[in-house]
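Colleague: Okay, so here is my_file_36.cif, and as you'll see once you scroll down, it has mmCIF, C-alpha atoms and all ligand atoms.
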data_start
#
loop_
_atom_site.label_atom_id
_atom_site.label_comp_id
_atom_site.auth_asym_id
_atom_site.auth_seq_id
_atom_site.Cartn_x
_atom_site.Cartn_y
_atom_site.Cartn_z
CA PHE K 18 12.63 33.83 2.88
CA GLY K 19 10.73 36.03 0.47
CA LEU K 20 7.42 34.50 -0.59
CA MET K 21 8.57 30.96 0.19
CA THR K 22 6.74 28.98 2.87
CA TYR K 23 8.55 26.43 4.98
CA ASP K 24 6.40 23.30 5.27
CA PRO K 25 8.44 20.22 6.27
CA GLY K 26 6.55 17.03 5.40
CA PHE K 27 4.14 19.14 3.28
CA SER K 28 1.50 18.92 6.00
CA ASN K 29 -0.01 22.20 4.87
CA THR K 30 0.63 22.14 1.14
CA ALA K 31 -1.86 21.05 -1.56
CA SER K 32 0.36 19.74 -4.35
CA CYS K 33 -2.42 19.09 -6.86
CA ARG K 34 -6.13 19.25 -7.60
CA SER K 35 -7.68 15.80 -7.49
CA ALA K 36 -11.16 14.31 -7.97
CA ILE K 37 -10.28 10.75 -6.92
CA THR K 38 -10.42 10.43 -3.13
CA TYR K 39 -12.04 12.57 -0.45
CA ILE K 40 -11.00 12.36 3.20
CA ASP K 41 -12.48 14.20 6.16
CA GLY K 42 -9.93 13.41 8.84
CA GLU K 43 -11.88 15.00 11.69
CA LYS K 44 -15.01 12.97 11.02
CA GLY K 45 -13.25 9.81 9.80
CA ILE K 46 -14.80 9.86 6.30
CA LEU K 47 -13.21 8.26 3.24
CA GLU K 48 -14.86 8.32 -0.21
CA HIS K 49 -13.66 7.24 -3.63
CA ARG K 50 -15.21 9.27 -6.43
CA GLY K 51 -17.77 10.29 -3.82
CA ILE K 52 -18.76 6.76 -2.77
CA PRO K 53 -18.18 5.94 0.94
CA ILE K 54 -15.57 3.26 1.61
CA GLU K 55 -18.08 1.34 3.74
CA GLN K 56 -20.36 0.84 0.71
CA LEU K 57 -17.48 -0.18 -1.54
CA ALA K 58 -16.17 -2.68 1.02
CA GLU K 59 -19.65 -4.12 1.46
CA SER K 60 -20.87 -4.30 -2.15
CA SER K 61 -18.04 -3.87 -4.64
CA SER K 62 -14.99 -5.86 -5.70
CA PHE K 63 -11.36 -4.81 -5.87
CA LEU K 64 -11.30 -4.78 -9.67
CA GLU K 65 -14.51 -2.76 -9.82
CA VAL K 66 -13.04 -0.23 -7.35
CA SER K 67 -9.88 -0.12 -9.49
CA TYR K 68 -11.99 0.80 -12.52
CA LEU K 69 -13.85 3.41 -10.46
CA LEU K 70 -10.59 5.05 -9.33
CA LEU K 71 -9.09 5.08 -12.81
CA TYR K 72 -12.08 6.04 -14.91
CA GLY K 73 -14.13 8.11 -12.48
CA HIS K 74 -17.37 6.09 -12.53
CA LEU K 75 -18.63 2.61 -11.71
CA PRO K 76 -18.47 0.36 -14.78
CA ASN K 77 -21.64 -1.04 -16.35
CA GLN K 78 -21.79 -4.84 -16.67
CA GLN K 79 -20.13 -4.92 -20.09
CA GLN K 80 -17.36 -2.53 -19.04
CA LEU K 81 -16.73 -4.56 -15.89
CA ASP K 82 -16.62 -7.86 -17.82
CA GLU K 83 -14.16 -6.44 -20.33
CA TRP K 84 -12.02 -4.91 -17.56
CA VAL K 85 -11.86 -8.16 -15.57
CA HIS K 86 -11.10 -10.08 -18.79
CA GLU K 87 -8.25 -7.71 -19.66
CA ILE K 88 -6.70 -7.83 -16.19
CA THR K 89 -7.04 -11.60 -16.04
CA HIS K 90 -5.20 -11.99 -19.34
CA HIS K 91 -2.24 -9.84 -18.39
CA THR K 92 -1.28 -11.62 -15.18
CA TYR K 93 1.73 -13.44 -16.66
CA VAL K 94 5.15 -11.79 -16.53
CA HIS K 95 7.93 -12.20 -19.09
CA GLU K 96 10.14 -15.21 -18.33
CA ASN K 97 13.15 -12.91 -18.04
CA ILE K 98 11.42 -11.04 -15.18
CA LYS K 99 11.07 -14.39 -13.46
CA ARG K 100 14.77 -15.07 -14.01
CA PHE K 101 15.59 -11.57 -12.78
CA MET K 102 13.74 -12.35 -9.56
CA GLU K 103 15.49 -15.70 -9.20
CA GLY K 104 18.74 -13.75 -8.94
CA PHE K 105 17.93 -12.31 -5.51
CA ARG K 106 19.38 -13.74 -2.32
CA HIS K 107 17.20 -16.34 -0.60
CA ASP K 108 16.56 -13.92 2.28
CA ALA K 109 15.79 -10.89 0.12
CA ASN K 110 13.02 -8.71 1.54
CA PRO K 111 9.93 -9.20 -0.67
CA MET K 112 9.35 -5.42 -0.78
CA GLY K 113 12.88 -4.87 -2.11
CA MET K 114 12.21 -7.49 -4.78
CA LEU K 115 8.89 -5.89 -5.67
CA LEU K 116 10.45 -2.45 -5.90
CA ALA K 117 13.15 -3.68 -8.28
CA SER K 118 10.86 -5.79 -10.45
CA VAL K 119 8.23 -3.05 -10.85
CA GLY K 120 11.02 -0.72 -12.00
CA ALA K 121 12.25 -3.45 -14.35
CA LEU K 122 8.83 -3.61 -16.06
CA SER K 123 9.67 -0.29 -17.70
CA THR K 124 12.36 -2.06 -19.74
CA PHE K 125 9.94 -4.79 -20.82
CA TYR K 126 7.32 -2.32 -22.05
CA PRO K 127 9.35 0.58 -23.49
CA GLU K 128 6.29 1.71 -25.47
CA ALA K 129 4.74 2.77 -22.14
CA VAL K 130 6.86 5.91 -22.28
CA ASP K 131 4.35 7.24 -24.84
CA ILE K 132 2.42 8.79 -21.99
CA ARG K 133 0.30 11.09 -24.16
CA ASP K 134 -1.33 8.09 -25.87
CA GLU K 135 -4.52 7.08 -24.07
CA GLU K 136 -4.38 3.48 -25.30
CA GLN K 137 -0.84 3.15 -23.93
CA ARG K 138 -1.90 4.55 -20.60
CA HIS K 139 -4.80 2.15 -20.40
CA ILE K 140 -2.71 -0.91 -21.23
CA SER K 141 -0.03 0.19 -18.74
CA ALA K 142 -2.70 0.43 -16.02
CA VAL K 143 -3.99 -3.03 -16.96
CA ARG K 144 -0.49 -4.48 -16.92
CA MET K 145 0.43 -2.86 -13.62
CA ILE K 146 -2.71 -4.03 -11.78
CA ALA K 147 -2.57 -7.50 -13.39
CA LYS K 148 1.12 -8.19 -12.78
CA MET K 149 1.53 -6.78 -9.28
CA PRO K 150 0.12 -9.93 -7.58
CA THR K 151 2.34 -12.12 -9.76
CA LEU K 152 5.46 -10.17 -8.79
CA ALA K 153 4.37 -10.12 -5.14
CA ALA K 154 3.72 -13.87 -5.12
CA PHE K 155 7.10 -14.60 -6.77
CA ALA K 156 8.77 -12.47 -4.08
CA TYR K 157 6.94 -14.44 -1.38
CA ARG K 158 7.84 -17.83 -2.92
CA ASN K 159 11.47 -16.71 -3.12
CA ALA K 160 11.39 -15.93 0.62
CA MET K 161 9.90 -19.37 1.30
CA GLY K 162 12.40 -21.16 -0.96
CA LEU K 163 9.55 -22.51 -3.09
CA PRO K 164 9.22 -22.74 -6.88
CA TYR K 165 7.14 -20.00 -8.50
CA VAL K 166 3.54 -20.76 -9.42
CA TYR K 167 2.18 -19.37 -12.69
CA PRO K 168 -1.15 -17.52 -12.67
CA ASP K 169 -4.37 -19.54 -12.86
CA ASN K 170 -6.60 -17.30 -14.91
CA ASP K 171 -9.72 -19.35 -14.22
CA LEU K 172 -9.67 -18.02 -10.68
CA SER K 173 -10.72 -14.58 -9.43
CA TYR K 174 -8.10 -11.85 -8.98
CA THR K 175 -7.63 -12.66 -5.29
CA GLY K 176 -8.20 -16.39 -5.77
CA ASN K 177 -5.40 -16.46 -8.34
CA PHE K 178 -3.13 -14.51 -5.98
CA LEU K 179 -3.79 -17.02 -3.18
CA SER K 180 -3.05 -19.83 -5.63
CA MET K 181 0.28 -18.26 -6.63
CA LEU K 182 1.16 -17.94 -2.93
CA PHE K 183 0.03 -21.26 -1.56
CA LYS K 184 -0.38 -23.85 -4.32
CA MET K 185 1.65 -26.94 -3.43
CA ALA K 186 0.30 -29.62 -5.74
CA GLU K 187 -1.35 -30.14 -9.13
CA PRO K 188 -3.87 -29.85 -10.57
CA ARG K 189 -5.00 -26.66 -8.90
CA TYR K 190 -5.44 -24.67 -5.72
CA VAL K 191 -8.98 -24.08 -4.53
CA PRO K 192 -9.18 -20.93 -2.39
CA ASP K 193 -11.45 -20.74 0.66
CA PRO K 194 -14.18 -18.27 -0.40
CA ARG K 195 -14.09 -16.58 3.02
CA ILE K 196 -10.37 -15.85 2.71
CA GLU K 197 -10.78 -14.83 -0.92
CA LYS K 198 -13.52 -12.36 0.06
CA ALA K 199 -11.63 -10.97 3.08
CA LEU K 200 -8.51 -10.41 0.97
CA ASP K 201 -10.57 -8.67 -1.71
CA VAL K 202 -11.98 -6.35 0.99
CA LEU K 203 -8.46 -5.68 2.30
CA PHE K 204 -7.34 -4.72 -1.20
CA ILE K 205 -10.36 -2.40 -1.56
CA LEU K 206 -9.50 -0.72 1.75
CA HIS K 207 -5.96 -0.01 0.56
CA ALA K 208 -6.89 1.06 -2.98
CA ASP K 209 -6.24 4.79 -2.64
CA HIS K 210 -5.68 7.39 0.02
CA GLU K 211 -5.09 10.68 -1.81
CA GLN K 212 -1.68 12.37 -1.37
CA ASN K 213 -0.01 9.94 1.04
CA CYS K 214 3.76 9.46 0.93
CA SER K 215 3.75 6.82 -1.83
CA ALA K 216 1.16 8.55 -4.05
CA ALA K 217 3.08 11.79 -3.63
CA ALA K 218 6.25 9.89 -4.64
CA VAL K 219 4.46 8.60 -7.77
CA ARG K 220 3.41 12.13 -8.64
CA VAL K 221 6.84 13.64 -7.95
CA ALA K 222 8.65 11.01 -10.04
CA GLY K 223 5.91 11.02 -12.70
CA SER K 224 6.06 14.81 -13.06
CA SER K 225 9.34 14.52 -14.96
CA LEU K 226 7.39 12.34 -17.46
CA PRO K 227 9.04 8.90 -17.26
CA ASP K 228 6.99 5.79 -18.13
CA PRO K 229 4.37 4.89 -15.47
CA PHE K 230 6.20 1.75 -14.26
CA SER K 231 9.14 3.89 -13.16
CA ALA K 232 6.77 6.31 -11.41
CA ILE K 233 5.03 3.42 -9.61
CA ALA K 234 8.42 2.03 -8.53
CA ALA K 235 8.95 5.35 -6.73
CA GLY K 236 5.60 4.75 -5.00
CA VAL K 237 6.66 1.25 -3.91
CA ALA K 238 9.83 2.76 -2.41
CA GLY K 239 7.74 5.30 -0.48
CA LEU K 240 5.47 2.55 0.81
CA TYR K 241 8.38 0.42 2.03
CA GLY K 242 9.14 2.43 5.20
CA PRO K 243 7.75 1.72 8.69
CA LEU K 244 5.94 5.05 8.92
CA HIS K 245 3.84 4.20 5.84
CA GLY K 246 3.13 0.72 4.40
CA GLY K 247 5.81 -0.92 6.53
CA ALA K 248 3.74 -0.06 9.62
CA ASN K 249 1.78 -3.32 9.30
CA VAL K 250 5.04 -5.24 9.75
CA ALA K 251 6.06 -2.97 12.62
CA VAL K 252 2.68 -3.52 14.35
CA LEU K 253 3.05 -7.27 14.29
CA LYS K 254 6.63 -7.13 15.55
CA MET K 255 5.49 -4.75 18.30
CA LEU K 256 2.68 -7.12 19.39
CA GLN K 257 5.11 -10.05 19.38
CA ARG K 258 7.56 -8.04 21.47
CA ILE K 259 4.86 -7.09 24.00
CA GLY K 260 4.19 -10.83 24.19
CA SER K 261 1.50 -10.78 26.88
CA VAL K 262 -1.39 -8.62 28.03
CA ASP K 263 0.44 -8.11 31.35
CA ASN K 264 3.24 -6.23 29.59
CA ILE K 265 0.95 -3.63 28.02
CA PRO K 266 1.14 -0.97 30.80
CA GLY K 267 4.96 -1.00 30.74
CA PHE K 268 4.97 -0.80 26.95
CA LEU K 269 2.55 2.15 26.92
CA GLN K 270 4.66 3.95 29.50
CA GLY K 271 7.67 3.56 27.18
CA VAL K 272 5.66 5.13 24.35
CA LYS K 273 4.61 8.04 26.57
CA ASP K 274 8.22 8.52 27.66
CA GLY K 275 9.08 8.94 23.98
CA ASN K 276 11.12 5.73 23.69
CA GLU K 277 9.08 4.45 20.77
CA ARG K 278 5.80 4.88 18.89
CA LEU K 279 2.63 2.88 19.20
CA MET K 280 2.71 1.49 15.68
CA GLY K 281 -0.62 1.36 13.84
CA PHE K 282 -1.80 4.44 15.74
CA GLY K 283 -1.92 8.01 14.50
CA HIS K 284 -2.35 9.50 11.06
CA ARG K 285 -1.44 12.72 9.33
CA VAL K 286 -5.02 13.26 8.18
CA TYR K 287 -7.31 11.18 10.43
CA LYS K 288 -7.84 12.71 13.83
CA ASN K 289 -10.53 10.12 14.49
CA TYR K 290 -10.85 6.33 14.11
CA ASP K 291 -9.63 5.41 10.60
CA PRO K 292 -12.76 4.03 8.85
CA ARG K 293 -10.61 1.38 7.14
CA ALA K 294 -9.39 0.10 10.51
CA ARG K 295 -13.00 -0.35 11.64
CA ILE K 296 -13.87 -2.42 8.53
CA ILE K 297 -10.74 -4.57 8.80
CA ARG K 298 -11.45 -5.21 12.47
CA SER K 299 -14.88 -6.56 11.51
CA HIS K 300 -13.24 -9.23 9.30
CA VAL K 301 -10.60 -10.47 11.76
CA ASP K 302 -12.76 -13.06 13.54
CA GLU K 303 -14.14 -14.52 10.32
CA VAL K 304 -10.64 -15.02 8.87
CA LEU K 305 -9.41 -16.66 12.09
CA GLU K 306 -12.42 -18.96 11.92
CA ALA K 307 -11.76 -19.80 8.26
CA THR K 308 -8.11 -20.67 8.96
CA ASN K 309 -8.99 -22.37 12.23
CA LYS K 310 -6.37 -20.36 14.06
CA GLN K 311 -6.07 -18.96 17.54
CA SER K 312 -4.27 -15.64 17.56
CA VAL K 313 -2.48 -14.80 20.80
CA LEU K 314 -1.62 -11.47 19.26
CA LEU K 315 -5.30 -10.64 18.80
CA ASP K 316 -5.90 -10.57 22.57
CA ILE K 317 -2.92 -8.25 23.01
CA ALA K 318 -4.10 -6.01 20.15
CA ILE K 319 -7.64 -5.75 21.59
CA GLU K 320 -6.40 -4.85 25.07
CA LEU K 321 -3.72 -2.47 23.79
CA GLU K 322 -6.27 -0.61 21.68
CA LYS K 323 -8.69 -0.37 24.62
CA ARG K 324 -6.06 1.03 26.96
CA ALA K 325 -4.68 3.49 24.40
CA LEU K 326 -8.16 4.78 23.58
CA ASP K 327 -8.69 5.38 27.32
CA ASP K 328 -5.37 7.15 27.79
CA GLU K 329 -5.09 10.93 27.82
CA TYR K 330 -1.70 10.85 26.04
CA PHE K 331 -3.31 9.34 22.94
CA THR K 332 -6.72 11.02 23.09
CA SER K 333 -5.26 14.51 23.56
CA ARG K 334 -3.11 13.99 20.46
CA LYS K 335 -6.04 12.45 18.56
CA LEU K 336 -4.16 9.21 17.99
CA TYR K 337 -6.50 6.41 16.88
CA PRO K 338 -5.91 3.07 15.18
CA ASN K 339 -5.11 3.33 11.48
CA VAL K 340 -5.48 0.79 8.66
CA ASP K 341 -2.24 -0.97 9.60
CA TYR K 342 -3.24 -1.74 13.19
CA TRP K 343 -5.47 -4.68 12.28
CA SER K 344 -4.26 -5.76 8.85
CA GLY K 345 -1.18 -7.61 10.11
CA ILE K 346 -3.29 -9.85 12.33
CA ILE K 347 -5.40 -10.88 9.35
CA TYR K 348 -2.35 -11.49 7.17
CA GLU K 349 -0.78 -13.57 9.90
CA ALA K 350 -3.98 -15.62 10.16
CA MET K 351 -3.76 -16.17 6.38
CA ASN K 352 -0.23 -17.61 6.87
CA ILE K 353 1.45 -14.71 5.11
CA PRO K 354 4.96 -14.20 6.55
CA THR K 355 5.51 -10.88 8.30
CA ASP K 356 8.08 -9.62 5.79
CA ALA K 357 5.50 -9.94 3.01
CA PHE K 358 2.78 -7.80 4.65
CA THR K 359 3.83 -4.63 2.90
CA VAL K 360 3.63 -6.23 -0.54
CA MET K 361 -0.03 -6.96 0.24
CA PHE K 362 -0.50 -3.23 0.81
CA ALA K 363 1.31 -2.55 -2.48
CA ILE K 364 -1.07 -4.77 -4.47
CA GLY K 365 -4.04 -2.96 -2.95
CA ARG K 366 -2.57 0.51 -3.55
CA THR K 367 -1.61 -0.10 -7.21
CA PRO K 368 -4.88 1.17 -8.79
CA GLY K 369 -4.65 4.30 -6.62
CA TRP K 370 -1.11 5.00 -7.78
CA MET K 371 -2.11 4.46 -11.40
CA ALA K 372 -5.20 6.65 -10.99
CA GLN K 373 -3.11 9.45 -9.44
CA TRP K 374 -0.61 9.15 -12.29
CA MET K 375 -3.32 9.16 -14.99
CA GLU K 376 -5.06 12.16 -13.45
CA MET K 377 -1.76 14.00 -13.38
CA MET K 378 -1.12 13.21 -17.07
CA ASP K 379 -4.42 14.93 -17.93
CA ASP K 380 -3.79 17.91 -15.68
CA PRO K 381 -3.34 21.11 -17.72
CA GLU K 382 -1.60 22.63 -14.69
CA LEU K 383 1.00 19.83 -14.46
CA LYS K 384 4.46 21.12 -13.66
CA ILE K 385 7.61 19.24 -12.77
CA ALA K 386 7.72 18.81 -8.96
CA ARG K 387 10.56 20.95 -7.80
CA PRO K 388 10.25 22.26 -4.24
CA ARG K 389 12.57 24.92 -2.92
CA GLN K 390 14.63 24.82 0.27
CA ILE K 391 15.85 27.04 3.05
CA TYR K 392 19.60 26.83 2.78
CA THR K 393 21.40 26.53 6.13
CA GLY K 394 24.95 25.67 5.03
CA ALA K 395 28.21 27.59 4.55
CA ARG K 396 28.73 30.22 1.82
CA GLU K 397 31.70 31.24 -0.30
CA ALA K 398 34.11 28.89 1.44
CA ASP K 399 37.55 28.33 -0.10
CA TYR K 400 38.80 24.97 -1.34
CA VAL K 401 41.48 23.74 1.11
CA PRO K 402 44.38 21.65 -0.30
CA MET K 403 44.71 18.21 1.33
CA ASN K 404 48.00 18.98 3.12
CA GLN K 405 46.41 21.98 4.89
CA ARG K 406 43.35 20.15 6.24
CA ASN K 407 42.96 19.02 9.86
N1 LIG L 501 2.69 6.71 19.00
C1 LIG L 501 2.99 7.64 19.94
N2 LIG L 501 2.97 8.95 19.72
C2 LIG L 501 2.62 9.36 18.49
C3 LIG L 501 2.30 8.46 17.46
C4 LIG L 501 2.32 7.09 17.76
N3 LIG L 501 2.02 6.18 16.84
N4 LIG L 501 2.00 9.14 16.33
C5 LIG L 501 2.13 10.44 16.65
N5 LIG L 501 2.51 10.56 17.94
C6 LIG L 501 2.68 11.80 18.69
C7 LIG L 501 3.99 12.48 18.33
O1 LIG L 501 5.04 12.08 19.17
C8 LIG L 501 3.61 13.92 18.50
O2 LIG L 501 3.58 14.21 19.89
P1 LIG L 501 4.10 15.63 20.44
O3 LIG L 501 3.10 16.63 19.92
O4 LIG L 501 4.11 15.48 21.91
O5 LIG L 501 5.46 15.83 19.84
C9 LIG L 501 2.17 14.00 18.03
O6 LIG L 501 1.64 12.68 18.27
C10 LIG L 501 2.03 14.34 16.55
O7 LIG L 501 2.83 13.42 15.80
P2 LIG L 501 3.51 13.74 14.40
O8 LIG L 501 4.67 12.83 14.22
O9 LIG L 501 3.75 15.21 14.28
O10 LIG L 501 2.34 13.38 13.40
P3 LIG L 501 2.51 13.11 11.85
O11 LIG L 501 1.27 13.55 11.22
O12 LIG L 501 3.78 13.72 11.33
O13 LIG L 501 2.72 11.53 11.78
C11 LIG L 501 2.35 9.23 11.47
C12 LIG L 501 1.77 10.66 11.30
C13 LIG L 501 1.38 8.24 10.83
C14 LIG L 501 3.70 9.14 10.73
C15 LIG L 501 2.53 8.95 12.98
O14 LIG L 501 1.28 9.02 13.64
C16 LIG L 501 3.20 7.61 13.25
O15 LIG L 501 4.43 7.54 13.23
N6 LIG L 501 2.39 6.53 13.49
C17 LIG L 501 2.97 5.22 13.67
C18 LIG L 501 3.28 4.59 12.33
C19 LIG L 501 2.03 4.16 11.61
O16 LIG L 501 1.15 3.52 12.16
N7 LIG L 501 1.99 4.48 10.30
C20 LIG L 501 0.87 4.09 9.42
C21 LIG L 501 0.10 5.29 8.98
S1 LIG L 501 -1.48 4.86 8.23
C22 LIG L 501 -1.19 3.93 6.83
C23 LIG L 501 -0.12 4.43 5.96
O17 LIG L 501 0.04 5.61 5.69
O18 LIG L 501 0.60 3.57 5.46
#
Let me see the file written as structure tokens.
Modeller:
Amino acid sequence: FGLMTYDPGFSNTASCRSAITYIDGEKGILEHRGIPIEQLAESSSFLEVSYLLLYGHLPNQQQLDEWVHEITHHTYVHENIKRFMEGFRHDANPMGMLLASVGALSTFYPEAVDIRDEEQRHISAVRMIAKMPTLAAFAYRNAMGLPYVYPDNDLSYTGNFLSMLFKMAEPRYVPDPRIEKALDVLFILHADHEQNCSAAAVRVAGSSLPDPFSAIAAGVAGLYGPLHGGANVAVLKMLQRIGSVDNIPGFLQGVKDGNERLMGFGHRVYKNYDPRARIIRSHVDEVLEATNKQSVLLDIAIELEKRALDDEYFTSRKLYPNVDYWSGIIYEAMNIPTDAFTVMFAIGRTPGWMAQWMEMMDDPELKIARPRQIYTGAREADYVPMNQRN
């Protein structure tokens, strides 16, 4: 094949240089702009982490205040976007709705195509981060058959999102601070993860220089699938299917026989416990307490994890829980319907996608993504008229 290398799934190909996120998969280390994820989850906020990812440093107080103010005042979407979303079927998957409506934003902000203009890039990032929860909440309300709730900009970023999801009566929804905090931490944990499938999709689509909303829509599509963001849905469905601790051995045998995968386990980069999974796990009990819920699935998840971590099949392949193993249990405790789990991931990942896109726009080595292939088909075949075909 000449100088070409064959690398299906790009597991051994660096597609860019990046200074945003560092991962050491062997040691289970994740850092954003050099700061360990544990410190960010403990001390920062999702909007502060968003700023850090996009602009490369922690904001000072004035920068943070301005940033939060800007995001808070761009949470509304155009009424026609709302109408567009009302056109979906009642049972439309919220991720499908999100994918379409993020793409549609490009038609509402055509000026965003001026990707060389720094002001435009900044306002596109603000719009994308501000409007994602609104679009996600509208998709959720559509699934529930409930009227949409407009943003309440007196609330925090996550408080407003909870209000748009759950508000039932006037004058306002008051979020439980424990849930608000846990959700903010969940968003931080999802904020970026270097060249994962969806970020790579953003970069591939963005490399042909469309507006950023179109590039992010490609990222949402990449996130949709069960091997990436859709894994949190798949984990919950798997736990429901297992149904009882007694069924775990039989289920694990099925996985080892190759019938299915243990969803929420394994990672292309982490060959150790995913640090995000550890942090999420530490918030599960507090959320269950705040919502006053008993989770039958939690007992199954705890026992399943224990057995898998003791099993040679998983340890020899370095398969450990990833971020999606525990997140579904928290979302379920928060009364988020299973089909909407992946849109939660999408909200969290939005600043990462935007940061990857912005970094690429400044990259002097940027080239259109255009991999090659190893052709395996026929050559120089003749066209056969219809009456001579089998
Ligand atoms: N259950 C059982 N076996 C597994 C699993 C699993 N979850 N993951 C990998 N394996 C096995 C696989 O069968 C293979 O075994 P063998 O060497 O005998 O053929 C070996 O481990 C290596 O697997 P791979 O498919 O080559 O690894 P990959 O790096 O291509 O896949 C993955 C990574 C995340 C797609 C995969 O581990 C997986 O499908 N996990 C379940 C889905 C999941 O939880 N996805 C969320 C990923 S983290 C968050 C995110 O990205 O959104």
Colleague: Tell me which of K:Gln270, K:Gln405, K:Asn339, K:Thr89 sits closest to Asn177 (chain K), counting all atoms listed in the file.
Modeller: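 Under the stated criterion, the closest residue is K:Thr89.
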Colleague: Ala153 (chain K): which residues within 8 Å, counting all atoms listed in the file, same-chain residues fewer than 2 positions away excluded, as an MDAnalysis selection string?
Modeller: chainID K and resid 111 115 149:151 155:157 360:361 364
Colleague: Can you pull out every residue with an atom within 8 Å of ligand LIG 501 (chain L)? Use only C-alpha atoms and all ligand atoms and format it as a PyMOL selection string.
Modeller: chain K and resi 26+28+213-214+240+243-249+252+272-273+275+277-286+331+334-336+338-342
Colleague: Any idea what's packed within 12 Å of region 29-36 of chain K, counting all atoms listed in the file, ignoring anything in its chain fewer than 3 positions away? Could you give it as a ChimeraX atom specification?
Modeller: /K:21-26,39-40,48-52,69-74,209-213,216-218,220-221,224,285-286,369,372-388
Colleague: Neighbours of Leu81 (chain K) within 8 Å (all atoms listed in the file; same-chain residues fewer than 4 positions away dropped), as number ranges by chain?
Modeller: K: 65, 68, 76-77, 85
Colleague: So that I have them on file, write out the residues from the current selection with C-alpha atoms, as an mmCIF file, keeping the file's coordinate frame.
Modeller:
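Written output follows (out_32.cif):
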data_model
loop_
_atom_site.group_PDB
_atom_site.id
_atom_site.type_symbol
_atom_site.label_atom_id
_atom_site.label_comp_id
_atom_site.auth_asym_id
_atom_site.auth_seq_id
_atom_site.Cartn_x
_atom_site.Cartn_y
_atom_site.Cartn_z
ATOM 1 C CA GLU K 65 -14.510 -2.760 -9.820
ATOM 2 C CA TYR K 68 -11.990 0.800 -12.520
ATOM 3 C CA PRO K 76 -18.470 0.360 -14.780
ATOM 4 C CA ASN K 77 -21.640 -1.040 -16.350
ATOM 5 C CA VAL K 85 -11.860 -8.160 -15.570
#
Colleague: Between CA of His95 (chain K) and CA of Phe125 (chain K), what is the distance, to one decimal in Å?
Modeller: 7.9 Å
Colleague: Provide region 33-45 of chain K rebuilt to N, CA and C atoms, formatted as a compact mmCIF listing (two decimals), keeping the file's coordinate frame.
Modeller:
# COMPACT_ATOMS: atom_id res chain seq x y z
N CYS K 33 -1.68 19.32 -5.61
CA CYS K 33 -2.42 19.09 -6.86
C CYS K 33 -3.91 19.31 -6.61
N ARG K 34 -4.67 19.35 -7.71
CA ARG K 34 -6.13 19.25 -7.60
C ARG K 34 -6.46 17.81 -7.95
N SER K 35 -7.37 17.19 -7.22
CA SER K 35 -7.68 15.80 -7.49
C SER K 35 -9.15 15.51 -7.25
N ALA K 36 -9.73 14.66 -8.10
CA ALA K 36 -11.16 14.31 -7.97
C ALA K 36 -11.30 12.82 -7.63
N ILE K 37 -10.24 12.20 -7.12
CA ILE K 37 -10.28 10.75 -6.92
C ILE K 37 -10.80 10.38 -5.54
N THR K 38 -10.13 10.88 -4.50
CA THR K 38 -10.42 10.43 -3.13
C THR K 38 -10.65 11.61 -2.21
N TYR K 39 -11.72 11.52 -1.42
CA TYR K 39 -12.04 12.57 -0.45
C TYR K 39 -11.85 12.01 0.95
N ILE K 40 -11.15 12.77 1.80
CA ILE K 40 -11.00 12.36 3.20
C ILE K 40 -11.41 13.53 4.09
N ASP K 41 -12.24 13.24 5.08
CA ASP K 41 -12.48 14.20 6.16
C ASP K 41 -11.88 13.57 7.41
N GLY K 42 -10.69 14.04 7.76
CA GLY K 42 -9.93 13.41 8.84
C GLY K 42 -10.54 13.62 10.21
N GLU K 43 -11.26 14.73 10.39
CA GLU K 43 -11.88 15.00 11.69
C GLU K 43 -13.04 14.05 11.93
N LYS K 44 -13.81 13.81 10.86
CA LYS K 44 -15.01 12.97 11.02
C LYS K 44 -14.72 11.50 10.71
N GLY K 45 -13.55 11.20 10.15
CA GLY K 45 -13.25 9.81 9.80
C GLY K 45 -14.03 9.35 8.58
